[in-house]
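Asker: The following file, run-v3.txt, comprises compact mmCIF, C-alpha atoms and all ligand atoms:
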```
# COMPACT_ATOMS: atom_id res chain seq x y z
CA MET A 1 225.55 150.66 49.60
CA TYR A 2 222.51 149.98 51.84
CA LEU A 3 219.36 151.14 50.03
CA THR A 4 216.17 152.09 51.81
CA ALA A 5 212.89 150.61 50.58
CA GLN A 6 211.88 154.09 49.45
CA ALA A 7 215.09 154.52 47.45
CA ARG A 8 214.54 151.17 45.74
CA ARG A 9 210.99 152.25 44.83
CA LEU A 10 212.25 155.56 43.42
CA MET A 11 214.92 153.85 41.36
CA GLN A 12 212.37 151.43 39.91
CA LEU A 13 210.10 154.39 39.04
CA GLY A 14 213.05 156.19 37.50
CA GLN A 15 213.86 153.22 35.28
CA LYS A 16 210.23 152.70 34.30
CA PHE A 17 209.54 156.32 33.36
CA HIS A 18 213.08 157.29 32.26
CA LEU A 19 213.44 159.92 34.97
CA PRO A 20 217.14 160.73 35.38
CA TYR A 21 216.49 162.51 38.71
CA PHE A 22 215.43 159.28 40.35
CA ALA A 23 218.76 157.74 39.46
CA ASN A 24 219.92 159.84 42.43
CA ALA A 25 217.79 157.74 44.75
CA ARG A 26 221.04 156.51 46.31
CA LEU A 27 221.57 160.06 47.55
CA ILE A 28 218.06 160.17 48.98
CA ALA A 29 218.74 156.82 50.66
CA THR A 30 221.74 158.18 52.51
CA THR A 31 219.66 160.96 54.03
CA GLN A 32 216.96 158.66 55.44
CA THR A 33 219.02 156.54 57.84
CA VAL A 34 221.17 158.86 59.91
CA HIS A 35 223.76 158.25 62.60
CA GLY A 36 222.66 154.62 62.91
CA PHE A 37 219.05 155.38 63.91
CA ARG A 38 215.95 153.68 62.40
CA GLU A 39 215.11 154.27 58.77
CA GLN A 40 212.76 157.25 58.52
CA ASP A 41 209.65 157.25 56.32
CA PRO A 42 210.59 159.90 53.69
CA SER A 43 206.91 160.62 52.98
CA PHE A 44 206.54 162.07 56.48
CA ALA A 45 207.57 165.43 54.95
CA THR A 46 204.80 165.17 52.35
CA ARG A 47 202.17 164.25 54.93
CA ILE A 48 203.03 167.23 57.10
CA ILE A 49 202.53 169.60 54.16
CA HIS A 50 199.54 168.06 52.37
CA GLY A 51 197.96 165.53 54.75
CA ALA A 52 194.54 166.32 56.21
CA GLN A 53 194.54 169.83 54.74
CA GLU A 54 193.34 169.73 51.15
CA PRO A 55 192.46 173.25 49.86
CA GLU A 56 189.02 171.92 48.83
CA GLN A 57 188.02 171.31 52.47
CA TRP A 58 187.91 175.00 53.35
CA SER A 59 185.81 177.94 52.17
CA ASP A 60 185.42 179.28 48.61
CA GLY A 61 188.41 179.48 46.29
CA ASN A 62 190.43 176.52 47.63
CA PRO A 63 192.92 178.46 49.81
CA VAL A 64 196.27 176.67 50.06
CA VAL A 65 196.88 178.00 53.57
CA MET A 66 194.46 176.98 56.31
CA PRO A 67 192.14 179.89 57.23
CA ILE A 68 191.86 180.97 60.88
CA SER A 69 188.31 180.31 61.94
CA LEU A 70 187.71 182.81 64.75
CA THR A 71 183.99 182.25 65.11
CA THR A 72 182.88 180.88 68.46
CA THR A 73 179.51 179.71 67.17
CA PHE A 74 177.93 178.27 64.00
CA LYS A 75 174.51 178.89 62.46
CA GLN A 76 172.14 175.99 63.06
CA PRO A 77 169.66 174.91 60.34
CA ALA A 78 167.05 174.10 63.05
CA PRO A 79 166.96 173.83 66.86
CA GLY A 80 169.13 170.92 67.99
CA LYS A 81 170.47 170.45 64.44
CA PHE A 82 174.08 171.28 63.52
CA LEU A 83 176.15 171.15 60.37
CA SER A 84 179.85 170.23 60.90
CA TYR A 85 180.33 172.41 63.97
CA GLU A 86 178.23 173.87 66.77
CA TYR A 87 180.36 175.82 69.29
CA SER A 88 184.14 176.38 69.21
CA ARG A 89 184.96 174.93 72.63
CA LEU A 90 183.48 171.68 71.35
CA ASN A 91 185.23 171.83 67.99
CA ASN A 92 186.49 174.36 65.50
CA PRO A 93 187.72 174.05 61.87
CA SER A 94 191.24 175.36 62.66
CA ARG A 95 191.63 173.07 65.67
CA ASN A 96 190.15 170.16 63.78
CA THR A 97 192.79 170.60 61.04
CA VAL A 98 195.82 170.49 63.38
CA GLU A 99 194.27 167.56 65.24
CA ARG A 100 194.06 165.60 62.01
CA VAL A 101 197.55 166.66 60.85
CA VAL A 102 199.30 165.63 64.09
CA ALA A 103 197.27 162.38 64.19
CA SER A 104 198.59 161.50 60.75
CA LEU A 105 202.18 162.25 61.85
CA GLU A 106 201.97 160.00 64.93
CA GLY A 107 200.17 157.29 62.93
CA ALA A 108 197.07 157.76 65.13
CA LYS A 109 193.40 157.46 64.29
CA TYR A 110 192.57 160.49 66.46
CA GLY A 111 194.23 163.73 67.56
CA LEU A 112 193.06 166.15 70.25
CA ALA A 113 194.47 169.64 70.83
CA TYR A 114 194.79 171.46 74.17
CA GLY A 115 195.85 174.90 75.38
CA SER A 116 199.23 173.63 76.69
CA GLY A 117 201.16 170.43 77.19
CA MET A 118 200.05 170.40 80.84
CA ALA A 119 196.39 170.76 79.80
CA ALA A 120 196.82 167.64 77.63
CA ILE A 121 198.67 165.73 80.39
CA THR A 122 196.14 166.52 83.12
CA THR A 123 193.31 165.50 80.78
CA VAL A 124 194.85 162.02 80.61
CA PHE A 125 195.05 161.94 84.43
CA ASN A 126 191.37 162.91 84.46
CA LEU A 127 190.59 159.52 82.92
CA LEU A 128 191.28 158.10 86.40
CA SER A 129 189.07 157.95 89.52
CA PRO A 130 189.86 158.22 93.24
CA GLY A 131 191.59 155.03 94.37
CA ASP A 132 193.27 154.46 91.02
CA HIS A 133 197.06 154.23 90.80
CA ILE A 134 199.63 155.56 88.31
CA VAL A 135 203.13 154.24 87.60
CA SER A 136 205.57 156.91 86.48
CA SER A 137 209.24 157.81 86.77
CA VAL A 138 211.41 159.83 89.13
CA ASP A 139 212.94 161.53 86.09
CA LEU A 140 209.94 163.50 84.86
CA TYR A 141 209.09 167.03 83.70
CA GLY A 142 208.68 169.14 86.88
CA GLY A 143 205.13 170.25 86.00
CA THR A 144 203.90 166.66 85.56
CA SER A 145 205.63 165.59 88.75
CA ILE A 146 204.07 168.45 90.76
CA TYR A 147 200.59 167.71 89.42
CA LEU A 148 200.88 164.05 90.43
CA LYS A 149 202.29 164.88 93.88
CA GLN A 150 200.15 167.89 94.76
CA VAL A 151 196.90 167.60 92.81
CA ALA A 152 196.26 163.96 91.81
CA ASP A 153 197.46 162.77 95.22
CA ARG A 154 194.92 165.05 96.95
CA LEU A 155 192.19 163.40 94.82
CA ASN A 156 193.39 160.01 96.12
CA ILE A 157 195.06 159.08 92.84
CA LYS A 158 198.46 157.84 94.04
CA THR A 159 201.59 157.53 91.94
CA THR A 160 204.62 155.27 92.25
CA PHE A 161 207.68 157.07 90.87
CA VAL A 162 210.02 154.33 89.66
CA ALA A 163 213.70 155.15 90.26
CA ASP A 164 215.10 153.34 87.23
CA VAL A 165 212.70 153.02 84.30
CA THR A 166 215.45 151.90 81.95
CA ASP A 167 214.75 148.35 83.17
CA PRO A 168 211.15 147.39 82.20
CA ALA A 169 211.10 144.87 85.08
CA ASN A 170 211.09 147.79 87.55
CA ILE A 171 207.98 149.21 85.87
CA GLU A 172 206.33 145.78 85.98
CA LYS A 173 207.06 145.46 89.71
CA ALA A 174 205.42 148.83 90.42
CA ILE A 175 202.10 147.86 88.76
CA THR A 176 199.43 146.97 91.35
CA GLY A 177 195.83 145.81 91.17
CA ASN A 178 194.72 149.47 91.22
CA THR A 179 197.06 150.65 88.48
CA ARG A 180 195.19 152.18 85.55
CA LEU A 181 197.94 154.19 83.86
CA VAL A 182 201.65 153.93 83.13
CA TRP A 183 202.99 157.40 82.28
CA MET A 184 206.51 157.61 80.84
CA GLU A 185 208.71 160.20 79.19
CA THR A 186 211.27 158.88 76.76
CA PRO A 187 213.81 160.38 76.52
CA SER A 188 213.12 161.83 79.97
CA ASN A 189 213.42 165.43 81.08
CA PRO A 190 216.16 166.22 82.05
CA GLY A 191 218.04 162.88 82.46
CA LEU A 192 217.55 161.70 78.82
CA LYS A 193 216.76 158.19 80.06
CA MET A 194 215.18 155.91 77.47
CA VAL A 195 212.20 153.62 78.15
CA ASP A 196 211.85 150.52 75.97
CA ILE A 197 208.34 151.30 74.74
CA GLU A 198 207.81 147.94 73.02
CA LYS A 199 208.75 145.95 76.14
CA VAL A 200 206.70 148.12 78.50
CA ALA A 201 203.71 147.93 76.11
CA GLU A 202 203.99 144.14 76.22
CA ILE A 203 203.89 144.24 80.05
CA VAL A 204 200.95 146.67 80.12
CA ARG A 205 198.99 144.68 77.52
CA ARG A 206 198.80 141.72 79.93
CA ARG A 207 196.42 143.89 81.96
CA LYS A 208 193.32 144.94 80.01
CA ASP A 209 192.54 147.80 82.41
CA VAL A 210 195.93 149.59 82.24
CA LEU A 211 196.88 152.19 79.62
CA LEU A 212 200.39 153.12 78.51
CA ALA A 213 200.88 156.83 77.77
CA ILE A 214 204.14 158.24 76.41
CA ASP A 215 205.24 161.88 76.58
CA ASN A 216 206.97 162.28 73.20
CA THR A 217 207.85 165.97 73.63
CA PHE A 218 211.65 165.60 73.46
CA LEU A 219 211.63 163.89 70.05
CA SER A 220 208.34 164.79 68.29
CA PRO A 221 206.71 162.29 65.90
CA TYR A 222 209.52 162.89 63.43
CA PHE A 223 212.01 161.02 65.60
CA GLN A 224 209.77 158.65 67.61
CA ARG A 225 206.28 157.24 67.10
CA PRO A 226 205.21 155.42 70.30
CA LEU A 227 201.87 154.17 68.92
CA GLU A 228 203.82 152.10 66.36
CA LEU A 229 205.52 150.45 69.35
CA GLY A 230 202.34 149.59 71.26
CA ALA A 231 201.57 152.69 73.39
CA ASP A 232 197.87 153.56 73.87
CA ILE A 233 198.21 157.35 74.14
CA VAL A 234 200.91 159.79 73.00
CA MET A 235 201.31 163.30 74.37
CA ASN A 236 203.31 166.07 72.72
CA SER A 237 203.84 169.49 74.22
CA ALA A 238 203.39 171.24 70.85
CA THR A 239 204.94 174.29 72.52
CA LYS A 240 208.30 172.62 71.79
CA TYR A 241 209.55 170.95 68.60
CA LEU A 242 206.17 170.56 66.86
CA ASN A 243 205.71 174.32 66.64
CA GLY A 244 209.43 175.08 66.85
CA HIS A 245 209.22 178.88 67.05
CA SER A 246 208.69 179.53 70.79
CA ASP A 247 205.49 181.50 70.14
CA VAL A 248 202.71 178.99 70.84
CA LEU A 249 201.60 177.11 73.96
CA MET A 250 199.76 173.94 72.97
CA GLY A 251 199.48 170.26 73.76
CA MET A 252 198.35 167.28 71.70
CA LEU A 253 196.99 163.85 72.59
CA LEU A 254 196.99 161.07 70.01
CA THR A 255 195.39 157.65 70.18
CA SER A 256 193.98 154.95 67.93
CA ASN A 257 191.78 153.47 70.68
CA ASP A 258 188.11 154.38 70.00
CA GLY A 259 187.01 154.14 73.65
CA VAL A 260 189.94 156.16 74.98
CA HIS A 261 189.40 158.77 72.28
CA ASP A 262 185.70 159.14 73.17
CA ARG A 263 186.56 159.69 76.84
CA LEU A 264 189.37 162.15 76.04
CA ARG A 265 187.15 164.04 73.60
CA PHE A 266 184.45 164.29 76.26
CA LEU A 267 187.00 165.64 78.77
CA GLN A 268 188.40 168.09 76.20
CA ARG A 269 184.96 169.58 75.63
CA THR A 270 183.95 169.48 79.29
CA ILE A 271 187.12 170.81 80.90
CA GLY A 272 187.51 173.29 78.03
CA ALA A 273 191.32 173.72 78.12
CA VAL A 274 191.39 174.20 74.35
CA PRO A 275 193.76 176.30 72.19
CA SER A 276 192.65 179.37 70.29
CA PRO A 277 192.19 179.15 66.50
CA PHE A 278 195.13 181.55 66.06
CA GLU A 279 197.45 179.22 68.00
CA CYS A 280 196.21 176.32 65.89
CA TYR A 281 197.07 178.30 62.77
CA LEU A 282 200.58 179.09 64.10
CA LEU A 283 201.16 175.46 65.03
CA ASN A 284 200.06 174.26 61.61
CA ARG A 285 202.40 176.79 60.00
CA GLY A 286 205.33 175.95 62.33
CA MET A 287 204.97 172.21 61.77
CA LYS A 288 205.48 172.50 58.02
CA THR A 289 209.26 172.65 58.55
CA LEU A 290 209.43 169.99 61.28
CA PRO A 291 211.53 167.45 59.27
CA VAL A 292 214.15 170.02 58.18
CA ARG A 293 214.31 171.57 61.63
CA MET A 294 214.62 168.23 63.41
CA ARG A 295 217.43 167.06 61.13
CA GLN A 296 219.35 170.27 61.84
CA HIS A 297 218.63 170.07 65.59
CA MET A 298 220.11 166.56 65.49
CA GLU A 299 223.25 167.63 63.58
CA ASN A 300 223.84 170.64 65.87
CA GLY A 301 223.03 168.67 69.03
CA LEU A 302 225.42 165.85 68.15
CA ALA A 303 228.23 168.27 67.30
CA VAL A 304 227.72 170.12 70.61
CA ALA A 305 227.57 166.82 72.55
CA ARG A 306 230.81 165.59 70.95
CA PHE A 307 232.50 168.92 71.70
CA LEU A 308 231.40 168.77 75.37
CA GLU A 309 232.45 165.14 75.68
CA ASN A 310 236.02 166.15 74.91
CA HIS A 311 236.08 169.25 77.11
CA PRO A 312 238.24 169.20 80.27
CA SER A 313 235.64 171.18 82.29
CA VAL A 314 232.90 168.64 81.61
CA GLU A 315 232.44 165.58 83.81
CA ARG A 316 229.98 163.65 81.62
CA VAL A 317 227.64 164.14 78.64
CA LEU A 318 224.27 162.47 78.01
CA HIS A 319 223.08 162.21 74.40
CA PRO A 320 221.29 159.06 73.15
CA GLY A 321 223.09 159.36 69.80
CA LEU A 322 226.52 158.97 71.44
CA PRO A 323 227.93 155.46 72.00
CA SER A 324 228.69 156.55 75.60
CA HIS A 325 224.93 156.83 76.41
CA PRO A 326 223.91 153.79 78.49
CA GLN A 327 220.97 153.14 76.16
CA HIS A 328 222.50 154.12 72.86
CA GLU A 329 221.55 150.81 71.27
CA LEU A 330 217.89 151.10 72.40
CA ALA A 331 217.73 154.70 71.12
CA GLN A 332 218.95 153.63 67.68
CA ARG A 333 216.49 150.72 67.55
CA GLN A 334 213.48 152.71 68.81
CA CYS A 335 213.96 156.20 67.35
CA TYR A 336 214.47 157.73 63.92
CA GLY A 337 216.99 160.21 65.35
CA HIS A 338 217.54 162.50 68.30
CA SER A 339 216.62 166.16 68.77
CA GLY A 340 218.76 169.03 70.08
CA MET A 341 218.47 167.94 73.74
CA VAL A 342 221.85 167.49 75.42
CA THR A 343 222.41 167.09 79.16
CA PHE A 344 225.85 167.41 80.73
CA PHE A 345 227.51 167.56 84.14
CA LEU A 346 229.88 170.44 84.69
CA LYS A 347 232.92 169.89 86.91
CA GLY A 348 232.11 171.89 90.05
CA GLY A 349 228.96 172.96 91.86
CA LYS A 350 226.38 175.75 92.01
CA ASP A 351 228.92 178.58 91.65
CA GLU A 352 230.55 177.07 88.57
CA CYS A 353 227.12 176.47 86.99
CA ARG A 354 226.08 180.07 87.67
CA ALA A 355 229.37 181.38 86.24
CA PHE A 356 228.93 179.22 83.13
CA VAL A 357 225.44 180.48 82.23
CA LYS A 358 226.48 184.05 83.04
CA GLY A 359 229.32 183.74 80.52
CA LEU A 360 227.09 182.61 77.63
CA LYS A 361 226.53 185.23 74.92
CA VAL A 362 224.60 183.32 72.23
CA VAL A 363 222.84 180.57 74.18
CA ILE A 364 219.96 182.05 76.21
CA LEU A 365 219.26 181.13 79.85
CA GLY A 366 215.58 180.24 79.84
CA GLU A 367 212.80 177.70 80.29
CA SER A 368 211.57 175.54 77.46
CA LEU A 369 213.11 173.79 74.47
CA GLY A 370 212.40 172.91 70.86
CA GLY A 371 212.53 176.42 69.38
CA TYR A 372 215.03 177.65 66.80
CA GLU A 373 217.04 179.40 69.54
CA SER A 374 219.46 177.58 71.83
CA LEU A 375 218.41 177.57 75.50
CA VAL A 376 220.14 176.48 78.68
CA LYS A 377 218.60 175.52 82.02
CA ILE A 378 219.96 174.33 85.38
CA PRO A 379 217.06 172.27 86.82
CA ALA A 380 218.47 172.17 90.38
CA LEU A 381 218.50 175.97 90.55
CA MET A 382 214.84 176.40 89.57
CA PRO A 383 212.34 178.04 92.00
CA GLU A 384 211.64 175.66 94.86
CA THR A 385 208.25 174.41 93.65
CA TYR A 386 209.71 173.23 90.35
CA GLN A 387 213.00 171.93 91.72
CA LEU A 388 213.78 168.40 90.70
CA ASP A 389 215.80 165.85 92.56
CA VAL A 390 218.78 166.16 90.21
CA PRO A 391 222.49 166.83 90.78
CA VAL A 392 223.30 170.51 91.10
CA ASN A 393 225.88 170.37 88.30
CA LEU A 394 223.39 168.97 85.74
CA ILE A 395 222.99 171.41 82.85
CA ARG A 396 220.34 170.97 80.17
CA LEU A 397 220.92 172.38 76.72
CA ALA A 398 218.24 172.69 74.04
CA VAL A 399 220.48 173.12 71.01
CA GLY A 400 218.86 175.35 68.42
CA LEU A 401 219.36 176.07 64.75
CA GLU A 402 222.11 178.69 64.89
CA TYR A 403 225.42 178.05 63.06
CA VAL A 404 226.91 175.28 65.17
CA GLY A 405 230.40 176.82 65.03
CA ASP A 406 229.05 179.88 66.85
CA LEU A 407 227.35 177.70 69.46
CA ILE A 408 230.49 175.70 70.17
CA ALA A 409 232.61 178.89 70.35
CA ASP A 410 230.09 180.35 72.81
CA LEU A 411 230.08 177.26 75.03
CA ASP A 412 233.87 177.10 74.87
CA GLN A 413 234.40 180.69 75.98
CA ALA A 414 231.85 180.33 78.81
CA LEU A 415 233.55 177.11 80.00
CA ARG A 416 236.95 178.85 79.90
CA ALA A 417 235.53 181.73 81.95
CA VAL A 418 234.41 179.22 84.63
CA ARG A 419 237.91 177.74 84.86
CA SER A 420 239.57 181.14 85.25
CA SER A 421 236.96 182.49 87.73
O1 LIG B 501 204.77 173.85 78.85
P1 LIG B 501 203.69 172.93 78.33
O2 LIG B 501 203.34 173.16 76.90
O3 LIG B 501 202.51 172.88 79.22
O4 LIG B 501 204.36 171.46 78.31
C1 LIG B 501 204.66 170.78 79.48
C2 LIG B 501 205.73 169.75 79.24
C3 LIG B 501 205.36 168.42 79.13
N1 LIG B 501 206.27 167.44 78.92
C4 LIG B 501 207.57 167.72 78.82
C5 LIG B 501 208.54 166.61 78.60
C6 LIG B 501 208.01 169.04 78.93
O5 LIG B 501 209.33 169.27 78.82
C7 LIG B 501 207.07 170.08 79.15
C8 LIG B 501 207.49 171.50 79.32
N2 LIG B 501 208.83 171.65 79.60
C9 LIG B 501 209.49 172.82 79.87
C10 LIG B 501 208.87 174.02 79.87
C11 LIG B 501 210.92 172.69 80.18
O6 LIG B 501 211.64 173.70 80.23
O7 LIG B 501 211.38 171.55 80.35
```
Could you write out this file's structure as structure tokens?
Ligand code: P1T
Answerer:
Amino acid sequence: MYLTAQARRLMQLGQKFHLPYFANARLIATTQTVHGFREQDPSFATRIIHGAQEPEQWSDGNPVVMPISLTTTFKQPAPGKFLSYEYSRLNNPSRNTVERVVASLEGAKYGLAYGSGMAAITTVFNLLSPGDHIVSSVDLYGGTSIYLKQVADRLNIKTTFVADVTDPANIEKAITGNTRLVWMETPSNPGLKMVDIEKVAEIVRRRKDVLLAIDNTFLSPYFQRPLELGADIVMNSATKYLNGHSDVLMGMLLTSNDGVHDRLRFLQRTIGAVPSPFECYLLNRGMKTLPVRMRQHMENGLAVARFLENHPSVERVLHPGLPSHPQHELAQRQCYGHSGMVTFFLKGGKDECRAFVKGLKVVILGESLGGYESLVKIPALMPETYQLDVPVNLIRLAVGLEYVGDLIADLDQALRAVRSS
């Protein structure tokens, strides 16, 4: 049997200290490499619980759970002199904790927290000046796309939206002398297209003045760590998988580049789109279960994708963990797994799509993803301002943590209802 490095280490420890439990390291090994994806670092789960949050770092009594620091200001020992903090827009103990925790998960030197994913994204765009150019993708979260087309464009920051980012050569061709940023989502929203981060990083590195930023929202650092692959900046909408409970709006930026961090930190303080300490507390609490949640999202998502792939009412299914995905091999090489995101094309048009979502009883029709509840969205039927250039029969599922048998039964009965309507 293939043994992970961690399993080998555990078995050696077991033999050395006569620990019978570690003889089961083979079992642990089988849980670390799943469905052919990259081998996960098993200590990720330990870092998320203990990393950057030692009880000793907080107030009296060593509380195990991070306190919520609601204060907006901090007593100064003398004019112009500050202890660790001065004013909560600039920094705050609760925010500082989640920033350090998420940084450790993404393998970054620095983490910065914002009041939403969009606040984090637009802060990155604020690194640019009029006349600068961005390379991005046609398949992009609607909010990001709108900002680039309707706000950045007005500030004379132009974007080239590459039609097919699955071929790094197309990204390379779009880079001009004025390009300062390459902004990619992988997997993309909602097309689940994969970008080869390592190859694109290699292209971007040839130009000292261009940064590569990756929106990692669809996988979270548990399933993909773009900085390890050469990206300069990683963005996570923490509203999604990182928090996982659909009760927090937050965004995170991660980087190991000192200069980029200094500029982003300056913008964070100056623009002021920061999260409240209570949201930071909720995020820190939600993240504790990220590894268990993500593994279950993957199991449920794969089961749903396989069910849909064999359904007569479904034209095509997109899931990077399925051999039928055009970039299945890249996904397995680049990622540690895949989340609950499944995109499929229903046979039919607008009416069939409407009938399908109307028939669902467990899966909820709604925006967002990454929470414990399953959600469905039809991007082409969104309000006009958010409408994407996607086929009308494209349906996006964010598969949640319910019993997967109930989810499949729900999808099945809704699909049957479409056929008989
Ligand atoms: O909603 P907010 O926390 O501001 O995050 C924005 C965002 C950024 N990047 C990606 C890939 C996203 O999917 C999102 C938000 N997406 C949805 C709300 C959605 O339903 O797709």
Asker: For a test of reading the model, state the distance in Å between atom CA of Asn170 of chain A and atom CA of Val260 of chain A, rounded to one decimal.
Answerer: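 Going from atom CA of Asn170 of chain A over to atom CA of Val260 of chain A covers 26.0 Å.
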Asker: Any chance you could work out the axis-aligned box around segment 349-368 of chain A, listed atoms only, 3 Å on each side, giving centre and edge lengths in Å to one decimal, as lines of an AutoDock Vina configuration file?
Answerer:
```
center_x = 221.1
center_y = 179.1
center_z = 82.1
size_x = 25.0
size_y = 18.3
size_z = 25.8
```
Asker: Give me, please, the distance in Å between atom CA of Val135 of chain A and atom C2 of ligand LIG 501 (chain B), quoted to one decimal.
Answerer: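 Between atom CA of Val135 of chain A and atom C2 of ligand LIG 501 (chain B) the gap works out to 17.8 Å.
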Asker: May I ask for the distance between atom CA of Ser136 of chain A and atom CA of Thr159 of chain A, given in Å to one decimal place?
Answerer: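 Interatomic distance, atom CA of Ser136 of chain A to atom CA of Thr159 of chain A: 6.8 Å.
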Asker: Tell me which protein, DNA and RNA residues are within 7 Å of segment 137-140 of chain A, counting only C-alpha atoms, leaving out same-chain ones fewer than 5 positions away, and put them as a PDB file with C-alpha atoms, in the coordinates of the input.
Answerer:
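Just written: out-v5.pdb:
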```
ATOM      1  CA  SER A 145     205.630 165.590  88.750  1.00  0.00           C
ATOM      2  CA  PHE A 161     207.680 157.070  90.870  1.00  0.00           C
ATOM      3  CA  VAL A 162     210.020 154.330  89.660  1.00  0.00           C
ATOM      4  CA  ALA A 163     213.700 155.150  90.260  1.00  0.00           C
ATOM      5  CA  VAL A 165     212.700 153.020  84.300  1.00  0.00           C
ATOM      6  CA  MET A 184     206.510 157.610  80.840  1.00  0.00           C
ATOM      7  CA  GLU A 185     208.710 160.200  79.190  1.00  0.00           C
ATOM      8  CA  SER A 188     213.120 161.830  79.970  1.00  0.00           C
ATOM      9  CA  ASN A 189     213.420 165.430  81.080  1.00  0.00           C
ATOM     10  CA  PRO A 190     216.160 166.220  82.050  1.00  0.00           C
ATOM     11  CA  GLY A 191     218.040 162.880  82.460  1.00  0.00           C
TER      12      GLY A 191
END
```
Asker: Taking (199.1, 168.2, 53.2) as a centre in this file's frame and 12 Å as the limit, can you find every polymer residue with an atom that close, using all atoms listed in the file, and give them as a list in words?
Answerer: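 Checking each residue against the 12 Å limit leaves Ser43, Phe44, Ala45, Thr46, Arg47, Ile48, Ile49, His50, Gly51, Ala52, Gln53, Glu54, Pro55, Glu56, Gln57, Val64, Val65, Met66, Thr97, Val98, Arg100, Val101, Val102, Ser104, Leu105, Asn284, Arg285, Met287 and Lys288 of chain A.
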Asker: Using the structure just given, write a file holding all heavy atoms for segment 204-209 of chain A, as a compact mmCIF listing (two decimals), in the first residue's frame.
Answerer:
```txt
# COMPACT_ATOMS: atom_id res chain seq x y z
N VAL A 204 4.41 34.99 -15.35
CA VAL A 204 4.33 36.30 -14.69
C VAL A 204 5.69 36.68 -14.09
O VAL A 204 6.09 37.85 -14.10
CB VAL A 204 3.20 36.29 -13.62
CG1 VAL A 204 3.27 37.52 -12.74
CG2 VAL A 204 1.84 36.18 -14.29
N ARG A 205 6.41 35.68 -13.59
CA ARG A 205 7.71 35.96 -12.95
C ARG A 205 8.73 36.56 -13.92
O ARG A 205 9.68 37.23 -13.50
CB ARG A 205 8.27 34.66 -12.34
CG ARG A 205 8.87 34.90 -10.95
CD ARG A 205 9.28 33.61 -10.25
NE ARG A 205 8.14 32.75 -9.95
CZ ARG A 205 8.05 31.47 -10.33
NH1 ARG A 205 9.00 30.89 -11.01
NH2 ARG A 205 7.00 30.74 -9.98
N ARG A 206 8.55 36.33 -15.22
CA ARG A 206 9.48 36.92 -16.20
C ARG A 206 9.38 38.44 -16.21
O ARG A 206 10.26 39.12 -16.72
CB ARG A 206 9.15 36.38 -17.60
CG ARG A 206 9.61 34.97 -17.77
CD ARG A 206 9.39 34.49 -19.20
NE ARG A 206 8.99 33.09 -19.15
CZ ARG A 206 8.00 32.55 -19.86
NH1 ARG A 206 7.32 33.28 -20.70
NH2 ARG A 206 7.70 31.28 -19.73
N ARG A 207 8.26 38.94 -15.66
CA ARG A 207 8.06 40.40 -15.61
C ARG A 207 8.04 40.84 -14.14
O ARG A 207 7.13 40.50 -13.40
CB ARG A 207 6.71 40.73 -16.25
CG ARG A 207 6.74 40.78 -17.78
CD ARG A 207 7.21 42.13 -18.29
NE ARG A 207 6.40 43.21 -17.75
CZ ARG A 207 5.25 43.63 -18.28
NH1 ARG A 207 4.81 43.09 -19.39
NH2 ARG A 207 4.57 44.59 -17.72
N LYS A 208 9.05 41.58 -13.74
CA LYS A 208 9.21 41.94 -12.33
C LYS A 208 8.07 42.82 -11.81
O LYS A 208 7.80 42.88 -10.60
CB LYS A 208 10.53 42.71 -12.12
CG LYS A 208 11.78 41.91 -12.41
CD LYS A 208 12.51 41.56 -11.11
CE LYS A 208 13.62 40.52 -11.24
NZ LYS A 208 13.31 39.30 -11.93
N ASP A 209 7.40 43.54 -12.74
CA ASP A 209 6.39 44.51 -12.32
C ASP A 209 4.96 43.98 -12.41
O ASP A 209 4.01 44.74 -12.32
CB ASP A 209 6.52 45.80 -13.15
CG ASP A 209 6.58 45.51 -14.66
OD1 ASP A 209 6.58 44.31 -15.02
OD2 ASP A 209 6.61 46.46 -15.45
```
